[in-house]
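Right, one structure below, let's go through it.
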Amino acid sequence: MKKLITLSSLLLLFFSFSCSNQKKENNTATIKNEIDSYLTKAMELHNIPGLALAVIKDDEIVYKNYFGESSLENNKPVDENTLFRVFSATKLITSTGIFQLIQDKQLSLEDKISKYINDLPQQWQEIKIENLLSHSSGLPDIIRYKSTLTDEELMEKLFNDRMNFAIGNQFQYNQTNYWLLAQIIEKVTKMSFDDYILKNQFDNSTNGVLFSSNSQETIPNRATRYFYNKKTKEFEKDTNNSGVRGHSGNGLNITLKKFIEWNKKLDDDILLSDKVKTEMWEPFSFTNKKDHFLHGWNSIQVNGMDSYGFSGGNLAAFRKFIDNKTTIILLSNGYKIPAYDIIINDIARISIPELKVKKLTKEEDVMSFVIRHQLNEAIQSFKKLKEENPNSDFDNLKWNINSIGNSYVYSKNNIENAIDVFKFNAEVNTNWWVSKASLAEAYEMKNDSLKAIKNYKKAILLNEDNEWNYNEQMKNKIAELKNK
């Protein structure tokens with residue numbers, strides 16, 4: 001009798017285990033089908049040539065797939081061997097490299113960069129490593145100058161430039177910061193930046209990972225990066241070449257498989273201890289008390305859930321939902337309308353159980369309505385999205401909607417459609433000066449000076465920080481329109 005009970009218990013346990021596995025497999029299959037369907041529509045909506053995406057949950061790959069073409073000229077499909085250049089998402093790798101040195105007590109966040117880089121001008125002396133990581137240095141940006149300059153020539157020009165703001169005051173994205181971080185890594189390790197990263201994060205492997213900031217360089221299996229020409233309505237190959245200087249800021253080329261492996265090392269505390277990762281993901285204390293950024297990583301909320309990561313080139317994005325033990329990796333090679341954060345956010349809503357059960361509004365829902373010019377439906381969809389995400393400013397979404405308006409502007413005969421889209425964007429993003437400025441420019445093209453002036457004035461009032469020093473340009477436009 002005792003044996004019978006034991007056998008029955010085992011059978012019951014086996015049955016429960018089988019049912020659990022079956023349920024898990026069904027859930028995985030459902031998520032895969034939903035993501036496949038979503039990405040197919042998103043690629044069509046945004047005109048994305050090729051894409052690879054993975055979702056990792058609790059150390060398990062719950063989704064991985066490849067779509068489209070890595071080369072339009074050769075009809076070459078994206079597959080597991082396709083290398084994607086991730087552009088500014090490279091900065092996550094660089095930041096991790098700096099914190100590896102901090103973990104090894106070779107660096108400190110509080111170290112002044114003058115400790116590692118000689119002959120700096122007086123106004124640079126108080127800049128710390130944490131200022132470079134958090135884009136709070138106030139340094140002039142190297143992108144102002146030709147990439148053909150030597151390092152010495154470029155440094156001389158930067159030394160003679162004025163600082164953009166007081167050190168630590170605010171966030172201003174800047175490529176100079178990560179070029180200097182690479183120099184510090186090289187000074188401390190006595191290795192090239194590339195070799196240091198490959199050794200300490202990729203086990204010296206060059207299979208599926210390499211550094212190149214030259215889009216013209218021929219690299220086997222690398223996806224071609226494309227720009228969409230709105231005038232010719234065709235894709236054109238990227239010709240940008242940032243040289244070796246760009247490696248730490250935008251030079252990582254990697255396969256999806258290799259990025260998944262890197263993420264596992266990060267999760268398993270192989271690259272950094274849990275304590276040091278926590279330090280890396282701490283917000284930097286900006287003096288202005290307004291800006292929010294971590295140490296090389298951005299912090300983005302999706303329906304109340306925190307995620308850490310970064311994007312690059314409007315093509316690639318890497319995001320970790322720490323509390324839900326979920327990571328989403330997106331790699332692509334072009335677009336008509338950029339979609340990186342929109343896709344990541346929506347994939348989270350599809351794949352994270354706590355979000356999925358709520359049947360949340362997706363950002364692509366809004367995009368679809370706007371593209372179909374169903375603006376009343378778009379307004380209702382956006383309002384619902386905002387109710388579900390009260391703390392989000394939907395930065396990527398509002399720029400995407402602006403891009404749709406701009407595509408009509410390029411057509412010129414569709415200026416009324418452009419005005420409708422910009423008016424929608426201004427209505428749902430009431431405090432965003434760009435939507436008002438875009439609307440003003442559209443009215444200016446329509447020769448409606450009064451409405452153009454009215455919206456330029458509103459844009460100036462909203463642009464309190466004079467972002468991109470654009471207020472002066474708008475004031476000049478107002479003066480020109482008044483003199484017509």
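Ordered as shown in the structure tokens, chains take letters A, B, and onward, while each chain numbers its residues from 1 and ligands are numbered from 1 in the order shown.
For region 195-202 of chain A, the set of protein, DNA and RNA residues having any atom at most 9 Å away, when counting only C-alpha atoms and skipping those fewer than 4 positions along the same chain, is Ile93, Thr94, Thr96, Gly97, Gln100, Ile185, Glu186, Thr189, Lys190, Met191, Thr206, Val209, Leu210, Lys258, Glu261, Trp262, Lys265, Ile270 and Leu271 of chain A.
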Q: Identify all residues of region 28-228 of chain A in strand (DSSP E or B) (DSSP on the backbone) and supply them as a ChimeraX atom specification.
A: /A:50-57,60-71,76-77,83-85,112,128,209-211,214,222,226-228
**Q.** Å distance separating CA of Ile379 (chain A) from CA of Ser438 (chain A), one decimal place
**A.** 18.5 Å
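Of the listed residues A:Asn389, A:Lys325, A:Ser285, A:Ala378, the one whose atoms come nearest to Asp59 (chain A) is A:Lys325, with distances taken using only C-alpha atoms.
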Q | Neighbour list for Glu60 (chain A) as number ranges by chain, cut-off 12 Å, only C-alpha atoms, skip fewer than 3 positions in-chain | A | A: 28, 54-57, 63-64, 260-261, 263-264, 267, 325-328
Q) Leaving out region 103-113 of chain A and any residue of its chain fewer than 4 positions from it, which residues lie within 12 Å of it when counting only C-alpha atoms, given as a PyMOL selection string? A) chain A and resi 95-99+117-121+123-134+137+167+177+180-185+187-189+200+269-280+282+284+295
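Comparing the minimum interatomic distances between Tyr456 (chain A) and each of A:Tyr443, A:Tyr410, A:Trp468, A:Phe382, counting only C-alpha atoms, we find that A:Tyr443 sits nearest.
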